[in-house]
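Text of the file target.txt, holding compact mmCIF, C-alpha atoms and all ligand atoms:
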# COMPACT_ATOMS: atom_id res chain seq x y z
CA MET W 13 -13.45 5.47 -9.08
CA ASN W 14 -15.29 5.30 -12.34
CA ILE W 15 -18.43 3.23 -11.91
CA ASP W 16 -20.09 3.97 -15.24
CA VAL W 17 -21.26 0.82 -16.96
CA ASP W 18 -19.79 1.15 -20.43
CA GLN W 19 -20.73 -0.60 -23.67
CA SER W 20 -18.32 -3.49 -23.22
CA ALA W 21 -19.60 -4.13 -19.71
CA ARG W 22 -23.22 -4.19 -20.87
CA ARG W 23 -22.37 -6.50 -23.71
CA THR W 24 -20.45 -9.00 -21.60
CA ALA W 25 -22.94 -8.90 -18.73
CA SER W 26 -25.82 -9.68 -21.03
CA ASP W 27 -24.25 -12.36 -23.20
CA GLY W 28 -25.42 -15.10 -20.86
CA ALA W 29 -22.01 -16.77 -20.52
CA HIS W 30 -20.90 -17.85 -17.06
CA ARG W 31 -17.30 -17.18 -17.84
CA PRO W 32 -16.18 -14.10 -15.89
CA ASP W 33 -14.87 -11.10 -17.75
CA PHE W 34 -12.00 -10.97 -15.28
CA ALA W 35 -10.46 -13.43 -12.85
CA VAL W 36 -8.35 -11.61 -10.27
CA VAL W 37 -5.80 -13.90 -8.64
CA GLY W 38 -4.57 -12.72 -5.26
CA GLY W 39 -6.96 -10.91 -2.97
CA GLY W 40 -4.61 -8.81 -0.86
CA LEU W 41 -4.74 -5.06 -1.16
CA CYS W 42 -4.28 -4.62 -4.88
CA GLY W 43 -6.42 -7.56 -6.03
CA ARG W 44 -9.36 -6.52 -3.85
CA LEU W 45 -9.24 -2.96 -5.13
CA VAL W 46 -8.96 -3.94 -8.80
CA ALA W 47 -11.77 -6.51 -8.50
CA TRP W 48 -14.00 -4.08 -6.62
CA GLN W 49 -13.47 -1.37 -9.18
CA LEU W 50 -14.11 -3.63 -12.18
CA ALA W 51 -17.26 -5.00 -10.56
CA GLY W 52 -18.39 -1.44 -9.89
CA ALA W 53 -18.06 -0.76 -13.61
CA GLY W 54 -20.52 -3.57 -14.31
CA HIS W 55 -18.16 -6.42 -15.17
CA ARG W 56 -18.49 -10.03 -14.14
CA VAL W 57 -15.52 -10.63 -11.82
CA ALA W 58 -14.16 -13.63 -9.90
CA LEU W 59 -11.47 -13.31 -7.23
CA TYR W 60 -9.23 -16.11 -5.96
CA GLU W 61 -7.28 -15.71 -2.73
CA ARG W 62 -5.18 -18.40 -1.04
CA GLY W 63 -5.95 -16.96 2.40
CA ASP W 64 -9.07 -15.88 4.22
CA ALA W 65 -11.48 -13.00 3.66
CA ALA W 66 -9.81 -11.04 6.47
CA GLY W 67 -6.63 -10.95 4.39
CA THR W 68 -4.31 -12.53 6.95
CA GLN W 69 -2.00 -14.02 4.29
CA SER W 70 -1.22 -10.68 2.67
CA ALA W 71 1.53 -8.13 3.23
CA ALA W 72 -1.35 -5.68 3.57
CA TRP W 73 -2.42 -7.41 6.81
CA VAL W 74 0.89 -6.57 8.49
CA ALA W 75 1.37 -3.07 7.06
CA ALA W 76 1.12 0.15 9.05
CA ALA W 77 -0.86 1.76 6.19
CA MET W 78 0.67 5.17 6.44
CA LEU W 79 -0.15 7.45 3.54
CA ALA W 80 2.94 9.61 3.68
CA PRO W 81 4.14 10.65 0.22
CA LEU W 82 6.30 13.47 1.53
CA ALA W 83 7.98 11.54 4.35
CA GLU W 84 8.52 8.59 2.00
CA ALA W 85 10.38 10.91 -0.38
CA ALA W 86 13.33 10.33 1.94
CA SER W 87 13.81 7.06 0.05
CA ALA W 88 11.31 7.08 -2.83
CA GLU W 89 11.59 8.72 -6.24
CA LEU W 90 9.31 11.37 -7.73
CA LEU W 91 7.02 8.89 -9.53
CA ILE W 92 6.16 7.21 -6.22
CA THR W 93 5.58 10.43 -4.34
CA GLU W 94 3.34 11.72 -7.15
CA LEU W 95 1.36 8.48 -7.13
CA GLY W 96 1.12 8.78 -3.35
CA ALA W 97 -0.07 12.39 -3.41
CA ALA W 98 -2.74 11.61 -6.02
CA SER W 99 -3.87 8.47 -4.19
CA LEU W 100 -4.13 10.27 -0.87
CA GLU W 101 -6.73 12.58 -2.42
CA ARG W 102 -8.74 9.57 -3.61
CA TRP W 103 -8.92 7.50 -0.43
CA PRO W 104 -11.77 9.43 1.27
CA ALA W 105 -14.15 9.03 -1.70
CA LEU W 106 -13.15 5.41 -2.09
CA ILE W 107 -13.74 4.65 1.59
CA ALA W 108 -17.10 6.45 1.45
CA GLN W 109 -18.29 3.87 -1.11
CA LEU W 110 -17.36 0.86 1.05
CA PRO W 111 -20.07 -0.81 3.11
CA GLU W 112 -18.04 -0.86 6.37
CA PRO W 113 -16.40 2.04 8.21
CA VAL W 114 -12.66 2.51 7.82
CA PHE W 115 -10.48 4.63 10.09
CA PHE W 116 -8.88 7.29 7.87
CA GLN W 117 -6.96 10.20 9.26
CA ARG W 118 -5.34 13.17 7.57
CA ASN W 119 -3.68 14.87 10.48
CA GLY W 120 -0.12 14.90 9.22
CA THR W 121 3.13 13.22 10.19
CA LEU W 122 5.47 14.50 12.88
CA VAL W 123 9.18 13.87 12.31
CA VAL W 124 11.48 14.07 15.35
CA TRP W 125 15.01 13.05 16.28
CA HIS W 126 17.09 12.75 19.41
CA ALA W 127 19.86 15.34 19.87
CA GLY W 128 22.59 12.77 19.22
CA ASP W 129 21.09 11.94 15.81
CA ARG W 130 20.71 15.54 14.59
CA ALA W 131 23.06 14.87 11.67
CA GLU W 132 20.23 12.82 10.13
CA ALA W 133 17.92 15.83 9.85
CA PRO W 134 19.54 17.85 7.04
CA LEU W 135 20.03 14.68 5.00
CA PHE W 136 16.35 13.78 5.37
CA GLU W 137 15.27 17.31 4.46
CA ARG W 138 17.51 17.33 1.37
CA ARG W 139 16.05 14.06 0.13
CA LEU W 140 12.50 15.31 0.58
CA ARG W 141 13.29 18.44 -1.41
CA ALA W 142 14.86 16.37 -4.17
CA ASN W 143 12.28 13.60 -4.47
CA ALA W 144 8.91 15.18 -3.72
CA PRO W 145 6.90 17.38 -6.10
CA ALA W 146 7.82 20.99 -5.27
CA ALA W 147 4.26 21.91 -4.29
CA LEU W 148 4.06 19.00 -1.86
CA PHE W 149 7.24 20.13 -0.14
CA ASP W 150 6.59 23.87 -0.21
CA ASN W 151 3.10 23.57 1.29
CA GLY W 152 3.72 20.59 3.48
CA PHE W 153 6.92 21.00 5.45
CA VAL W 154 6.72 23.01 8.66
CA LYS W 155 9.79 23.40 10.87
CA LEU W 156 9.11 23.25 14.59
CA ALA W 157 11.43 24.32 17.40
CA GLY W 158 11.18 24.29 21.19
CA ALA W 159 7.64 24.66 22.48
CA GLN W 160 6.20 24.26 18.96
CA VAL W 161 6.93 20.52 19.06
CA ALA W 162 4.92 20.16 22.27
CA GLN W 163 2.16 22.34 20.86
CA ALA W 164 1.88 20.12 17.82
CA GLU W 165 1.99 16.86 19.78
CA PRO W 166 1.37 17.63 23.48
CA SER W 167 2.02 14.09 24.69
CA LEU W 168 5.68 14.40 23.65
CA GLY W 169 6.18 17.31 26.05
CA THR W 170 9.65 18.83 25.87
CA ARG W 171 11.39 15.60 24.89
CA PHE W 172 12.34 16.83 21.39
CA ALA W 173 13.92 20.23 20.78
CA GLN W 174 13.16 20.20 17.07
CA GLY W 175 10.89 18.52 14.61
CA TRP W 176 8.99 18.86 11.35
CA LEU W 177 5.29 18.70 10.86
CA LEU W 178 4.16 17.40 7.46
CA PRO W 179 0.56 18.49 7.94
CA HIS W 180 -1.10 16.93 4.89
CA GLU W 181 -0.04 13.29 5.33
CA GLY W 182 -2.48 10.56 6.30
CA GLN W 183 -2.94 7.02 7.47
CA LEU W 184 -5.71 4.44 7.67
CA ASP W 185 -6.51 1.14 9.31
CA ASN W 186 -5.17 -1.59 7.03
CA ARG W 187 -7.30 -4.40 8.42
CA GLN W 188 -10.48 -2.37 8.26
CA VAL W 189 -9.75 -1.58 4.59
CA LEU W 190 -9.28 -5.28 3.80
CA SER W 191 -12.49 -6.19 5.62
CA ALA W 192 -14.50 -3.37 4.06
CA LEU W 193 -13.24 -4.31 0.60
CA ALA W 194 -14.27 -7.95 1.19
CA ALA W 195 -17.76 -6.68 2.08
CA GLY W 196 -17.67 -4.38 -0.95
CA LEU W 197 -16.80 -7.30 -3.24
CA ALA W 198 -19.81 -9.23 -1.91
CA GLN W 199 -22.02 -6.18 -2.35
CA ARG W 200 -20.93 -5.79 -5.97
CA GLY W 201 -21.52 -9.46 -6.78
CA VAL W 202 -17.90 -10.57 -7.19
CA GLN W 203 -17.53 -14.37 -7.02
CA THR W 204 -15.03 -14.63 -4.20
CA HIS W 205 -13.03 -17.82 -3.71
CA TRP W 206 -11.28 -17.47 -0.34
CA ASN W 207 -8.82 -20.13 0.87
CA THR W 208 -8.16 -21.04 -2.76
CA PRO W 209 -4.50 -21.06 -3.85
CA ILE W 210 -4.13 -20.78 -7.63
CA ASP W 211 -1.21 -22.05 -9.70
CA ALA W 212 -2.70 -22.46 -13.19
CA MET W 213 -4.56 -19.31 -14.18
CA PRO W 214 -8.34 -19.74 -13.95
CA ASP W 215 -10.75 -19.54 -16.87
CA ALA W 216 -11.87 -16.02 -17.66
CA ARG W 217 -11.72 -13.64 -20.58
CA PHE W 218 -8.80 -11.91 -18.87
CA VAL W 219 -6.77 -12.81 -15.81
CA ILE W 220 -5.29 -10.15 -13.52
CA ASP W 221 -2.45 -11.51 -11.43
CA CYS W 222 -2.17 -9.59 -8.16
CA ARG W 223 -0.42 -12.26 -6.11
CA GLY W 224 2.19 -9.97 -4.56
CA LEU W 225 5.21 -12.05 -3.68
CA GLY W 226 3.17 -15.17 -4.56
CA GLY W 227 3.53 -14.07 -8.19
CA LYS W 228 7.22 -14.88 -8.21
CA PRO W 229 6.92 -18.00 -10.40
CA ALA W 230 5.72 -15.69 -13.20
CA TRP W 231 8.10 -12.93 -12.29
CA PRO W 232 11.54 -14.18 -11.23
CA ALA W 233 13.01 -10.69 -10.67
CA LEU W 234 10.42 -10.03 -7.97
CA ARG W 235 11.90 -10.19 -4.48
CA GLY W 236 10.72 -9.84 -0.92
CA ILE W 237 11.92 -7.24 1.53
CA ARG W 238 11.04 -8.36 5.01
CA GLY W 239 9.33 -5.97 7.37
CA GLU W 240 8.63 -6.51 11.07
CA VAL W 241 6.13 -4.58 13.18
CA ALA W 242 4.79 -4.55 16.72
CA ARG W 243 1.17 -3.80 17.60
CA VAL W 244 0.73 -2.55 21.13
CA HIS W 245 -2.13 -1.30 23.26
CA ALA W 246 -1.06 1.83 25.10
CA PRO W 247 -3.89 3.75 26.76
CA GLY W 248 -2.97 7.19 28.04
CA ILE W 249 -0.22 8.12 25.58
CA GLY W 250 -2.51 9.98 23.24
CA LEU W 251 -0.41 10.55 20.11
CA THR W 252 -2.64 12.25 17.58
CA ARG W 253 -0.74 11.40 14.38
CA PRO W 254 2.05 9.10 13.14
CA VAL W 255 5.45 10.02 14.53
CA ARG W 256 8.64 9.21 12.63
CA LEU W 257 11.92 9.01 14.45
CA LEU W 258 15.05 9.76 12.45
CA HIS W 259 17.81 7.40 13.45
CA PRO W 260 20.93 6.17 11.64
CA ARG W 261 20.17 2.50 12.30
CA TYR W 262 16.56 2.24 13.44
CA PRO W 263 14.38 4.71 11.54
CA LEU W 264 11.04 4.03 13.13
CA TYR W 265 7.46 5.13 13.00
CA ILE W 266 4.70 4.92 15.55
CA ALA W 267 1.25 5.03 13.99
CA PRO W 268 -1.66 5.56 16.41
CA LYS W 269 -4.85 3.80 15.30
CA GLN W 270 -8.25 3.74 16.99
CA GLY W 271 -8.69 2.48 20.54
CA ASP W 272 -5.14 3.32 21.78
CA LEU W 273 -3.66 0.81 19.36
CA TYR W 274 -0.20 1.67 18.02
CA VAL W 275 1.59 0.07 15.09
CA ILE W 276 5.34 0.37 15.59
CA GLY W 277 7.47 -0.39 12.58
CA ALA W 278 9.14 -1.33 10.55
CA THR W 279 12.38 -3.09 9.82
CA GLU W 280 13.65 -3.48 6.24
CA VAL W 281 15.61 -6.65 5.73
CA GLU W 282 16.54 -8.07 2.32
CA GLY W 283 15.15 -11.57 1.88
CA GLU W 284 12.00 -13.62 1.74
CA ASP W 285 12.01 -14.74 5.32
CA MET W 286 8.44 -15.01 6.63
CA SER W 287 9.50 -16.45 10.00
CA PRO W 288 8.48 -14.73 13.25
CA VAL W 289 10.03 -11.45 14.41
CA THR W 290 13.59 -11.76 15.73
CA VAL W 291 14.49 -10.79 19.28
CA ARG W 292 16.86 -8.14 17.90
CA SER W 293 14.12 -6.49 15.84
CA ALA W 294 11.62 -6.64 18.68
CA LEU W 295 14.15 -4.98 21.00
CA GLU W 296 14.95 -2.28 18.44
CA LEU W 297 11.32 -1.47 17.67
CA LEU W 298 10.14 -1.45 21.25
CA SER W 299 13.11 0.39 22.73
CA ALA W 300 12.92 3.07 20.04
CA ALA W 301 9.22 3.53 20.87
CA PHE W 302 10.08 3.69 24.57
CA ALA W 303 12.64 6.41 23.78
CA VAL W 304 9.96 8.46 22.00
CA HIS W 305 7.57 8.13 24.94
CA PRO W 306 8.32 6.26 28.18
CA GLY W 307 4.62 5.45 28.48
CA PHE W 308 5.25 2.67 25.95
CA GLY W 309 6.99 0.85 28.82
CA GLU W 310 3.55 -0.01 30.17
CA ALA W 311 2.03 -0.86 26.78
CA ARG W 312 0.75 -4.39 26.20
CA ILE W 313 2.24 -6.21 23.22
CA LEU W 314 -0.67 -7.52 21.17
CA GLU W 315 1.28 -8.84 18.25
CA LEU W 316 4.74 -9.08 16.72
CA ASN W 317 4.41 -9.82 13.04
CA ALA W 318 6.48 -10.06 9.87
CA HIS W 319 5.78 -10.16 6.14
CA CYS W 320 7.62 -9.36 2.94
CA ARG W 321 7.05 -6.39 0.68
CA PRO W 322 6.78 -7.44 -2.99
CA THR W 323 9.57 -5.52 -4.70
CA LEU W 324 10.87 -5.17 -8.27
CA PRO W 325 14.50 -4.29 -9.05
CA ASP W 326 13.72 -0.63 -9.74
CA HIS W 327 11.49 -0.37 -6.64
CA ARG W 328 8.61 0.78 -8.85
CA PRO W 329 5.20 -0.83 -9.28
CA ALA W 330 4.48 -2.30 -12.70
CA ILE W 331 1.40 -3.28 -14.71
CA VAL W 332 2.45 -5.75 -17.38
CA TRP W 333 0.34 -7.09 -20.26
CA ASP W 334 1.54 -10.40 -21.65
CA GLY W 335 0.15 -9.59 -25.10
CA ALA W 336 -2.69 -12.07 -24.65
CA ARG W 337 -5.07 -12.64 -21.71
CA THR W 338 -3.01 -11.78 -18.63
CA LEU W 339 -2.20 -8.57 -16.78
CA ARG W 340 0.23 -8.61 -13.88
CA VAL W 341 0.15 -5.91 -11.22
CA ASN W 342 2.99 -6.04 -8.73
CA GLY W 343 5.97 -4.36 -7.09
CA LEU W 344 4.06 -2.14 -4.67
CA TYR W 345 6.98 -2.54 -2.25
CA ARG W 346 6.61 -0.42 0.91
CA HIS W 347 4.03 1.91 -0.63
CA GLY W 348 1.05 -0.32 -1.32
CA PHE W 349 -1.53 1.61 0.69
CA MET W 350 0.00 4.93 -0.26
CA ILE W 351 -0.29 4.35 -4.02
CA ALA W 352 -2.94 1.63 -4.41
CA PRO W 353 -5.90 3.81 -5.54
CA GLU W 354 -3.97 5.15 -8.54
CA VAL W 355 -2.23 1.86 -9.38
CA ALA W 356 -5.47 -0.14 -9.16
CA ASP W 357 -7.25 2.45 -11.27
CA ALA W 358 -4.53 2.33 -13.94
CA ALA W 359 -4.73 -1.47 -13.98
CA ALA W 360 -8.52 -1.49 -14.19
CA GLN W 361 -8.48 0.99 -17.07
CA LEU W 362 -6.07 -1.17 -19.03
CA ALA W 363 -8.11 -4.30 -18.22
CA ARG W 364 -11.25 -2.65 -19.56
CA ALA W 365 -9.43 -1.49 -22.68
CA LEU W 366 -8.37 -5.10 -23.30
CA LEU W 367 -11.90 -6.38 -22.81
CA SER W 368 -13.36 -3.81 -25.18
CA GLN W 369 -10.49 -4.52 -27.61
CA THR W 370 -9.47 -0.88 -27.60
CA VAL W 371 -6.12 -2.47 -26.84
CA SER W 372 -5.53 -5.58 -28.92
CA GLY W 373 -1.90 -5.46 -30.05
CA PRO W 374 1.40 -3.60 -29.69
CA ASP W 375 0.32 -0.47 -31.58
CA SER W 376 -2.94 0.04 -29.71
CA PHE W 377 -1.11 -0.70 -26.44
CA ASP W 378 1.40 2.03 -27.26
CA ASP W 379 -1.43 4.46 -28.05
CA PHE W 380 -3.15 3.59 -24.77
CA ARG W 381 0.10 3.95 -22.88
CA HIS W 382 0.89 7.36 -24.31
CA ARG W 383 -2.53 8.65 -23.29
CA ALA W 384 -2.42 7.13 -19.79
CA ARG W 385 -1.82 9.32 -16.76
CA TRP W 386 0.74 6.91 -15.31
CA SER W 387 2.33 5.69 -18.51
CA ASP W 388 5.55 4.76 -16.67
CA LEU W 389 3.67 1.96 -14.92
CA LEU W 390 2.47 0.27 -18.11
CA HIS W 391 4.55 -2.37 -19.85
CA THR W 392 4.44 -5.33 -22.12
CA GLU W 393 6.62 -8.34 -21.39
CA HIS W 394 9.06 -7.02 -24.01
CA THR W 395 9.43 -3.57 -22.51
CA VAL W 396 9.46 -4.24 -18.78
CA PRO W 397 13.10 -4.13 -17.65
CA SER W 398 12.57 -6.33 -14.67
CA LEU W 399 10.55 -9.38 -15.72
C1 LIG I 1 5.89 -4.52 7.64
C2 LIG I 1 5.22 -3.79 6.52
C3 LIG I 1 4.83 -2.47 6.67
C4 LIG I 1 4.21 -1.79 5.61
N1 LIG I 1 3.80 -0.52 5.83
C5 LIG I 1 3.21 0.16 4.82
C6 LIG I 1 2.77 1.50 5.02
O1 LIG I 1 2.87 2.06 6.12
N2 LIG I 1 2.22 2.16 3.95
C7 LIG I 1 2.08 1.58 2.74
O2 LIG I 1 1.59 2.22 1.82
N3 LIG I 1 2.47 0.29 2.53
C8 LIG I 1 3.04 -0.41 3.54
N4 LIG I 1 3.45 -1.70 3.33
C9 LIG I 1 3.41 -2.26 1.96
C10 LIG I 1 2.08 -2.88 1.57
O3 LIG I 1 1.63 -3.74 2.56
C11 LIG I 1 2.27 -3.64 0.27
O4 LIG I 1 2.84 -2.78 -0.71
C12 LIG I 1 0.94 -4.16 -0.28
O5 LIG I 1 0.33 -5.00 0.65
C13 LIG I 1 1.15 -4.90 -1.60
O6 LIG I 1 -0.12 -5.26 -2.08
P1 LIG I 1 -0.35 -6.53 -2.99
O7 LIG I 1 -1.81 -6.71 -3.16
O8 LIG I 1 0.51 -6.43 -4.20
O9 LIG I 1 0.28 -7.74 -2.14
P2 LIG I 1 -0.38 -8.43 -0.86
O10 LIG I 1 -1.04 -7.42 0.00
O11 LIG I 1 0.68 -9.28 -0.24
O12 LIG I 1 -1.50 -9.39 -1.48
C14 LIG I 1 -1.15 -10.46 -2.31
C15 LIG I 1 -2.21 -11.53 -2.08
O13 LIG I 1 -2.02 -12.60 -3.02
C16 LIG I 1 -2.33 -13.81 -2.36
N5 LIG I 1 -1.69 -14.90 -3.08
C17 LIG I 1 -0.36 -15.14 -3.23
N6 LIG I 1 -0.16 -16.26 -3.97
C18 LIG I 1 -1.39 -16.73 -4.30
C19 LIG I 1 -1.85 -17.84 -5.05
N7 LIG I 1 -0.99 -18.69 -5.63
N8 LIG I 1 -3.18 -18.03 -5.18
C20 LIG I 1 -4.06 -17.16 -4.60
N9 LIG I 1 -3.68 -16.10 -3.88
C21 LIG I 1 -2.37 -15.87 -3.73
C22 LIG I 1 -1.78 -13.60 -0.96
O14 LIG I 1 -2.36 -14.49 -0.03
C23 LIG I 1 -2.12 -12.15 -0.69
O15 LIG I 1 -3.36 -12.02 -0.03
C24 LIG I 1 4.03 -2.43 4.37
C25 LIG I 1 4.39 -3.77 4.22
C26 LIG I 1 4.98 -4.45 5.27
C27 LIG I 1 5.35 -5.90 5.10
Just give me the structure of the file as structure tokens.
Amino acid sequence: MNIDVDQSARRTASDGAHRPDFAVVGGGLCGRLVAWQLAGAGHRVALYERGDAAGTQSAAWVAAAMLAPLAEAASAELLITELGAASLERWPALIAQLPEPVFFQRNGTLVVWHAGDRAEAPLFERRLRANAPAALFDNGFVKLAGAQVAQAEPSLGTRFAQGWLLPHEGQLDNRQVLSALAAGLAQRGVQTHWNTPIDAMPDARFVIDCRGLGGKPAWPALRGIRGEVARVHAPGIGLTRPVRLLHPRYPLYIAPKQGDLYVIGATEVEGEDMSPVTVRSALELLSAAFAVHPGFGEARILELNAHCRPTLPDHRPAIVWDGARTLRVNGLYRHGFMIAPEVADAAAQLARALLSQTVSGPDSFDDFRHRARWSDLLHTEHTVPSL
């Protein structure tokens, strides 16, 4: 992250006004990252979050936080996998700047399937080839057969005859990231307003709307895609990396965190239903985990939880400037943790260009957009197809 204090930051920090340079509305994953980055660049930043500092109201609280650009290529397009690959490289440096420790692992993803579901495997492989950058696939897709599966993940023994190791993928602890970012915001002097729902945009030079699904009033095409997960405590299983199970109806992952905690997820159900996990989903998640390793039969269920992924019609994230004082950052869908460093960075760069008036109208926005690394993310209200 760029933490140089530029001219515009010096000017606004020294002008004596109490009005923040930026008000960030929504302090889930994206809002915390954008606010933290802008504060690190010397700007005066306020953050408003309807929930608590832990982040319990956010989709980010429920997420498994897998950083798996290659495995996600099974359903995500090239733009997303490229954002994911670039973001994965940035997480370690970002975490190193936070004042609290965050579990981050880059030990790969193991993909397995039961013999009866072997028809899923070639389809999955074909999608990865088609949707991932060639280098990511060529260097990151290792076929395993027989004893190689057990060598890669000894606790699975001989249960799976075949598998793939995607050795460069990662994961982190979502709740530790949220907590460490809250501490980082305090450290960088951000005015944080927890437990503060916002409807009318607060006073600031620029407002950055990162409300996730809460941003729907400003963004009618935004929709929620419900996801349900189980968190279990399962000492003695000893998975060393996230395991994905290919299945025609219940594609599932099991992500081992610290302390023998496993996040088992996740369903994908159209709709903005935030109600508790259904019996059907709980049975599917837990029985699929049990089929991967019978030791999960003795696991203790710590939590069954559901939230909705904020999703735009094209399943891409978008950063939209309203032509005046508001930026909207949304649509991170099922890839928030995987792509957040790059998306937040792109949003912060545009925010700073607005503040310094490098961007002040349609022509300068177009210039900025053409020079930006992730130009496909940047829109005005007139160009975004999905507002
Ligand atoms: C079950 C599940 C599993 C997932 N697994 C993964 C995964 O493995 N890897 C991955 O990369 N991503 C995963 N995700 C996706 C990821 O969680 C989201 O993409 C990400 O959280 C989106 O970030 P956000 O900041 O836009 O939204 P959120 O994290 O939801 O944050 C939005 C914030 O805005 C606040 N807010 C809303 N309205 C208001 C208001 N009016 N005033 C003030 N504050 C408001 C909310 O309280 C919330 O804190 C998963 C999501 C789910 C649900």
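Proximity to Thr392 in chain W was assessed for W:Asp379, W:Trp333, W:Ala267, W:Phe349 counting only C-alpha atoms; the smallest distance is recorded for W:Trp333.
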Task: Computed interatomic separation between CA of Arg381 in chain W and CA of Leu362 in chain W (Å) - done: 8.9 Å
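What separates CA of Leu177 in chain W from CA of Pro263 in chain W is a distance of 16.7 Å.
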Report the closest atom pair, with its distance in Å rounded to one decimal, for each residue of range 212-263 of chain W that has an atom no farther than 12 Å from range 57-76 of chain W; count all atoms listed in the file, sort by chain and then rising residue number, and write it as JSON lines.
{"residue": "W:Ala212", "atom": "CA", "partner": "W:Tyr60", "partner_atom": "CA", "distance": 11.6}
{"residue": "W:Met213", "atom": "CA", "partner": "W:Tyr60", "partner_atom": "CA", "distance": 10.0}
{"residue": "W:Pro214", "atom": "CA", "partner": "W:Tyr60", "partner_atom": "CA", "distance": 8.8}
{"residue": "W:Asp215", "atom": "CA", "partner": "W:Ala58", "partner_atom": "CA", "distance": 9.8}
{"residue": "W:Ala216", "atom": "CA", "partner": "W:Ala58", "partner_atom": "CA", "distance": 8.4}
{"residue": "W:Arg217", "atom": "CA", "partner": "W:Val57", "partner_atom": "CA", "distance": 10.0}
{"residue": "W:Phe218", "atom": "CA", "partner": "W:Val57", "partner_atom": "CA", "distance": 9.8}
{"residue": "W:Val219", "atom": "CA", "partner": "W:Ala58", "partner_atom": "CA", "distance": 9.5}
{"residue": "W:Ile220", "atom": "CA", "partner": "W:Leu59", "partner_atom": "CA", "distance": 9.4}
{"residue": "W:Asp221", "atom": "CA", "partner": "W:Tyr60", "partner_atom": "CA", "distance": 9.9}
{"residue": "W:Cys222", "atom": "CA", "partner": "W:Glu61", "partner_atom": "CA", "distance": 9.6}
{"residue": "W:Arg223", "atom": "CA", "partner": "W:Glu61", "partner_atom": "CA", "distance": 8.4}
{"residue": "W:Gly224", "atom": "CA", "partner": "W:Ser70", "partner_atom": "CA", "distance": 8.0}
{"residue": "W:Leu225", "atom": "CA", "partner": "W:Ala71", "partner_atom": "CA", "distance": 8.8}
{"residue": "W:Gly226", "atom": "CA", "partner": "W:Ser70", "partner_atom": "CA", "distance": 9.6}
{"residue": "W:Gly236", "atom": "CA", "partner": "W:Ala71", "partner_atom": "CA", "distance": 10.2}
{"residue": "W:Ile237", "atom": "CA", "partner": "W:Ala71", "partner_atom": "CA", "distance": 10.6}
{"residue": "W:Arg238", "atom": "CA", "partner": "W:Ala71", "partner_atom": "CA", "distance": 9.7}
{"residue": "W:Gly239", "atom": "CA", "partner": "W:Ala75", "partner_atom": "CA", "distance": 8.5}
{"residue": "W:Glu240", "atom": "CA", "partner": "W:Val74", "partner_atom": "CA", "distance": 8.2}
{"residue": "W:Val241", "atom": "CA", "partner": "W:Val74", "partner_atom": "CA", "distance": 7.3}
{"residue": "W:Ala242", "atom": "CA", "partner": "W:Val74", "partner_atom": "CA", "distance": 9.3}
{"residue": "W:Arg243", "atom": "CA", "partner": "W:Ala76", "partner_atom": "CA", "distance": 9.4}
{"residue": "W:Pro254", "atom": "CA", "partner": "W:Ala76", "partner_atom": "CA", "distance": 9.9}
TODO: Tell me, in Å to one decimal, how far atom C21 of ligand LIG 1 (chain I) is from CA of Gln183 in chain W.
DONE: 25.5 Å
